[in-house]
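J.: mmCIF, C-alpha atoms, file final_8.cif:
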data_input
loop_
_atom_site.label_atom_id
_atom_site.label_comp_id
_atom_site.auth_asym_id
_atom_site.auth_seq_id
_atom_site.Cartn_x
_atom_site.Cartn_y
_atom_site.Cartn_z
CA MET A 1 -51.36 0.75 72.94
CA LEU A 2 -52.80 -0.88 76.02
CA LEU A 3 -52.21 2.33 77.98
CA ARG A 4 -54.19 4.35 75.41
CA VAL A 5 -57.08 1.91 75.62
CA LEU A 6 -57.11 2.12 79.41
CA LEU A 7 -57.02 5.93 79.32
CA SER A 8 -59.95 5.96 76.88
CA LEU A 9 -61.98 3.68 79.13
CA VAL A 10 -61.24 5.82 82.19
CA THR A 11 -62.22 9.01 80.33
CA ALA A 12 -65.47 7.45 79.14
CA PHE A 13 -66.24 6.28 82.67
CA VAL A 14 -65.62 9.77 84.12
CA ILE A 15 -67.87 11.42 81.52
CA PHE A 16 -70.63 8.89 82.09
CA PHE A 17 -70.38 9.19 85.86
CA THR A 18 -70.38 13.00 85.75
CA SER A 19 -73.41 13.03 83.47
CA SER A 20 -75.22 10.59 85.73
CA VAL A 21 -74.56 12.76 88.75
CA TYR A 22 -75.93 15.95 87.21
CA ALA A 23 -78.64 14.61 84.92
CA HIS A 24 -81.36 13.65 87.34
CA PRO A 25 -83.99 11.27 85.96
CA GLY A 26 -87.17 12.51 84.36
CA LYS A 27 -88.93 12.13 81.04
CA THR A 28 -88.34 15.05 78.70
CA ASP A 29 -91.08 16.70 76.67
CA ALA A 30 -91.21 17.70 73.01
CA ASN A 31 -89.00 20.70 73.77
CA GLY A 32 -86.31 18.52 75.35
CA GLY A 33 -86.84 19.77 78.88
CA HIS A 34 -88.76 18.78 81.99
CA THR A 35 -90.01 20.07 85.33
CA CYS A 36 -88.33 19.16 88.60
CA ARG A 37 -90.76 17.39 90.93
CA THR A 38 -88.69 15.68 93.65
CA ASN A 39 -85.33 16.35 95.39
CA CYS A 40 -85.11 19.64 93.53
CA GLU A 41 -82.81 21.28 96.09
CA LYS A 42 -80.27 18.53 95.44
CA TRP A 43 -79.94 19.77 91.89
CA GLY A 44 -80.02 23.45 92.80
CA LEU A 45 -83.57 23.84 91.48
CA LYS A 46 -86.87 24.96 92.91
CA SER A 47 -89.81 22.60 93.00
CA GLY A 48 -91.73 22.97 89.74
CA GLU A 49 -88.85 24.70 87.94
CA TYR A 50 -88.65 23.88 84.25
CA HIS A 51 -85.18 23.28 82.80
CA TYR A 52 -82.99 21.47 80.26
CA HIS A 53 -79.80 19.39 80.38
CA ASP A 54 -76.92 19.80 77.99
CA LYS A 55 -75.01 16.83 76.52
CA ASN A 56 -72.91 16.59 79.68
CA GLY A 57 -75.90 16.61 81.98
CA ASN A 58 -75.43 20.20 83.17
CA ILE A 59 -78.61 22.07 84.00
CA ILE A 60 -79.72 24.86 81.68
CA ARG A 61 -82.42 26.97 83.25
CA GLN A 62 -85.62 27.93 81.48
CA THR A 63 -84.50 31.49 80.80
CA ASN A 64 -81.78 30.24 78.47
CA LYS A 65 -84.21 28.58 76.07
CA THR A 66 -87.28 29.62 74.11
CA ILE A 67 -90.07 27.36 75.29
CA HIS A 68 -92.97 26.79 72.95
CA PRO A 69 -96.48 25.89 74.14
CA PRO A 70 -97.45 22.25 73.81
CA VAL A 71 -99.36 21.19 70.72
CA VAL A 72 -103.01 22.07 71.30
CA ARG A 73 -105.40 19.78 69.49
CA VAL A 74 -109.08 20.22 68.73
CA ASN A 75 -111.29 19.34 71.74
CA SER A 76 -108.25 18.80 73.98
CA LYS A 77 -107.81 19.90 77.60
CA HIS A 78 -104.76 21.36 79.33
CA VAL A 79 -104.19 22.17 82.99
CA VAL A 80 -102.46 25.55 83.36
CA LYS A 81 -101.70 28.19 85.96
CA VAL A 82 -103.06 31.71 85.51
CA ILE A 83 -100.14 34.13 85.84
CA ARG A 84 -101.89 37.36 84.83
CA VAL A 85 -105.38 38.66 84.17
CA VAL A 86 -105.33 41.02 81.19
CA ASP A 87 -109.03 41.83 81.09
CA GLY A 88 -112.33 40.34 82.14
CA ASP A 89 -112.20 37.79 79.33
CA THR A 90 -108.46 37.46 78.66
CA ILE A 91 -105.68 35.86 80.73
CA ASP A 92 -102.03 34.86 80.49
CA VAL A 93 -101.26 31.28 81.52
CA ARG A 94 -98.28 28.99 82.07
CA PHE A 95 -98.40 25.45 80.67
CA SER A 96 -96.83 22.47 82.42
CA ASN A 97 -93.71 22.73 80.24
CA GLY A 98 -93.11 26.31 81.37
CA ALA A 99 -94.35 28.03 78.22
CA THR A 100 -96.62 31.03 78.62
CA SER A 101 -99.48 32.07 76.33
CA ARG A 102 -102.42 34.44 76.16
CA VAL A 103 -105.92 32.97 76.27
CA ARG A 104 -109.19 34.59 75.17
CA PHE A 105 -112.39 33.10 76.61
CA ILE A 106 -114.71 31.47 74.09
CA GLY A 107 -118.30 32.59 73.64
CA VAL A 108 -118.34 35.63 75.92
CA ASN A 109 -117.35 39.28 75.79
CA THR A 110 -116.76 41.56 78.78
CA PRO A 111 -116.76 45.38 78.46
CA GLU A 112 -113.38 46.73 77.29
CA THR A 113 -110.77 48.11 79.69
CA VAL A 114 -107.47 47.77 77.77
CA HIS A 115 -108.43 48.15 74.11
CA PRO A 116 -105.92 50.54 72.43
CA GLN A 117 -108.62 52.22 70.33
CA LYS A 118 -111.56 52.19 72.72
CA PRO A 119 -112.22 53.94 76.06
CA VAL A 120 -112.91 51.95 79.19
CA GLU A 121 -116.49 50.74 78.85
CA LYS A 122 -119.13 50.70 81.55
CA TYR A 123 -118.81 47.76 83.94
CA GLY A 124 -115.46 46.85 82.34
CA LYS A 125 -113.46 47.47 85.51
CA GLU A 126 -115.90 45.43 87.56
CA ALA A 127 -115.59 42.51 85.14
CA SER A 128 -111.80 42.77 85.06
CA ASN A 129 -111.54 42.96 88.85
CA TYR A 130 -113.86 39.99 89.23
CA THR A 131 -111.72 37.84 86.94
CA LYS A 132 -108.59 38.96 88.78
CA LYS A 133 -110.17 37.95 92.07
CA ARG A 134 -111.31 34.56 90.78
CA LEU A 135 -108.42 33.49 88.54
CA THR A 136 -105.13 35.15 89.52
CA ASN A 137 -102.56 32.47 90.47
CA GLN A 138 -105.21 29.76 90.16
CA THR A 139 -104.74 26.40 88.47
CA VAL A 140 -107.48 25.94 85.88
CA THR A 141 -108.29 23.62 82.99
CA LEU A 142 -108.48 24.99 79.46
CA GLU A 143 -110.92 23.17 77.19
CA PHE A 144 -110.46 23.81 73.48
CA ASP A 145 -113.15 23.67 70.81
CA VAL A 146 -112.79 23.38 67.02
CA GLY A 147 -110.89 26.64 66.54
CA VAL A 148 -107.96 26.80 68.98
CA GLU A 149 -106.49 30.21 68.03
CA ASP A 150 -107.74 33.60 66.84
CA LYS A 151 -106.18 35.89 64.24
CA TYR A 152 -104.06 37.55 66.93
CA GLY A 153 -102.40 34.27 67.89
CA ARG A 154 -104.25 33.96 71.20
CA PHE A 155 -105.54 30.61 72.31
CA LEU A 156 -109.35 30.35 72.49
CA ALA A 157 -110.66 28.26 75.36
CA TYR A 158 -113.34 27.46 77.87
CA VAL A 159 -111.96 27.91 81.39
CA TRP A 160 -112.89 25.42 84.06
CA ILE A 161 -112.37 25.92 87.80
CA GLY A 162 -113.03 22.40 88.95
CA LYS A 163 -116.56 21.73 87.69
CA GLU A 164 -117.40 25.41 87.20
CA LEU A 165 -117.40 26.72 83.64
CA TYR A 166 -116.05 30.21 84.27
CA ASN A 167 -117.11 31.56 80.87
CA GLU A 168 -120.70 30.77 81.84
CA THR A 169 -120.25 32.34 85.28
CA LEU A 170 -119.25 35.66 83.72
CA VAL A 171 -122.47 35.71 81.70
CA LYS A 172 -124.68 34.40 84.50
CA ASP A 173 -123.50 37.08 86.94
CA GLY A 174 -123.79 39.90 84.42
CA TYR A 175 -120.10 40.54 83.78
CA ALA A 176 -120.22 39.54 80.10
CA ARG A 177 -122.47 39.27 77.08
CA VAL A 178 -122.71 36.24 74.83
CA MET A 179 -120.48 36.49 71.76
CA THR A 180 -120.65 33.47 69.49
CA ILE A 181 -118.01 33.08 66.79
CA GLN A 182 -118.05 30.01 64.57
CA PRO A 183 -116.91 27.26 64.79
CA ASN A 184 -116.67 27.40 68.61
CA VAL A 185 -120.27 26.75 69.64
CA LYS A 186 -120.07 23.80 72.06
CA TYR A 187 -121.62 25.66 75.03
CA GLN A 188 -123.48 28.32 73.06
CA GLN A 189 -126.93 27.37 74.36
CA ARG A 190 -125.73 27.37 77.98
CA PHE A 191 -124.38 30.89 77.54
CA ILE A 192 -127.58 32.14 75.89
CA THR A 193 -129.68 30.73 78.74
CA ALA A 194 -127.36 32.31 81.32
CA GLU A 195 -127.56 35.71 79.63
CA ARG A 196 -131.36 35.59 79.46
CA LYS A 197 -131.54 34.99 83.22
CA ALA A 198 -129.01 37.74 83.97
CA ARG A 199 -131.05 40.23 81.93
CA GLN A 200 -134.28 39.22 83.66
CA GLN A 201 -132.65 39.59 87.07
CA LYS A 202 -130.90 42.84 86.05
CA LYS A 203 -127.50 41.61 87.13
CA GLY A 204 -124.24 43.40 86.55
CA LEU A 205 -124.08 45.31 83.29
CA TRP A 206 -127.83 44.77 82.75
CA LYS A 207 -128.76 46.94 85.73
CA LEU A 208 -127.13 50.03 84.22
#
I'd like the structure from this file rewritten - as structure tokens, please.

T.:
Amino acid sequence: MLLRVLLSLVTAFVIFFTSSVYAHPGKTDANGGHTCRTNCEKWGLKSGEYHYHDKNGNIIRQTNKTIHPPVVRVNSKHVVKVIRVVDGDTIDVRFSNGATSRVRFIGVNTPETVHPQKPVEKYGKEASNYTKKRLTNQTVTLEFDVGVEDKYGRFLAYVWIGKELYNETLVKDGYARVMTIQPNVKYQQRFITAERKARQQKKGLWKL
């Protein structure tokens, strides 16, 4: 009997010790995973790599799990990395938990370049190339308004590069027109003012 007890204690100790070795510390998120920030090579990870741990502390890489975007609340802000520019006013981003999502800019509309039922519109390529130049691989802040998603499941957001409101920049420099859709109207007046100046100065699409 005593021998069985001792064997049980030893087994428990080995499991605990093994888990402690492999399960490096770090607070997990709502999806049960986290991002490696320090000593990543020690765990066979890259810095910034998102992953999970199984019940024994073994690492399960991101590709083995479906990662959902964090909960996006009204008027919230999220820091993300731009991983792809789809069009002048649409980007794909990666959240801090590793999830990726498509984002449509609020309040503005650039000429179409990838619409399945429309030809490439005038100044569309210029607008798309400008956004690629400015945002590709950049870390930006998404600011959400009252409506956080559209009917296509895309997030709707204002994009900030530091203190620059990029949505406004597109309008100000003539790459986009104002397109207001309720209830997202927080910066509507700023966009209208920017468009009026762009038209007066015949910038971008207004010089055609």

J.: Residues within 9 Å of (-112.6, 27.7, 64.4), file coordinates, counting all atoms listed in the file: what are they? Give the list as an NGL selection string.

T.: :A and (145-150 or 181-184)

J.: Compile the contact shell of Gly204 in chain A as an MDAnalysis selection string: residues with an atom at most 8 Å away, counting all atoms listed in the file, same-chain residues fewer than 4 positions apart removed.

T.: chainID A and resid 123 173:175 198 208

J.: Considering all atoms listed in the file, can you say which of A:Trp206, A:Phe105, A:Phe155, A:Tyr130 comes closest to Tyr187 in chain A?

T.: A:Phe105

J.: Which residues, named as in the file, does the PyMOL selection byres ((chain A and resi 67-81) around 6) pick out? Answer as a PyMOL selection string.

T.: chain A and resi 66+82+93-95+99+138-146

J.: Find the residues around Ala127 in chain A up to 8 Å (all atoms listed in the file counted), leave out those fewer than 4 positions away in its own chain, and share them as JSON, numbers by chain.

T.: {"A": [87, 88, 110, 111, 123, 131, 170, 175, 176]}

J.: Could you tell me how far CA of Lys207 in chain A lies from CA of Thr136 in chain A, in Å and to one decimal?

T.: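 Separating CA of Lys207 in chain A from CA of Thr136 in chain A is a distance of 26.7 Å.
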
J.: Here is a test: counting only C-alpha atoms, which residue of A:Val108, A:Asp89, A:Leu45, A:Ile192 is nearest to Glu126 in chain A?

T.: A:Asp89

J.: Pick the closest to Val178 in chain A from A:Val159, A:Val85, A:Ile106, A:Ile91: which is it, counting all atoms listed in the file?

T.: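 Of A:Val159, A:Val85, A:Ile106, A:Ile91, the one nearest Val178 in chain A is A:Ile106, counting all atoms listed in the file.
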
J.: With all atoms listed in the file as the counted atoms, please give the residues lying no more than 10 Å from Arg196 in chain A, apart from itself and same-chain residues fewer than 5 positions off, as a list of chain:residue names.

T.: A:Val171, A:Lys172, A:Arg177, A:Val178, A:Phe191, A:Gln201, A:Lys202

J.: Would you compute, for all listed atoms of range 76-91 of chain A, the axis-aligned bounding box grown by 4 Å on each side, and then report its centre and edge lengths in Å rounded to one decimal, as lines of an AutoDock Vina configuration file?

T.:
center_x = -106.2
center_y = 30.3
center_z = 80.0
size_x = 20.2
size_y = 31.0
size_z = 20.0
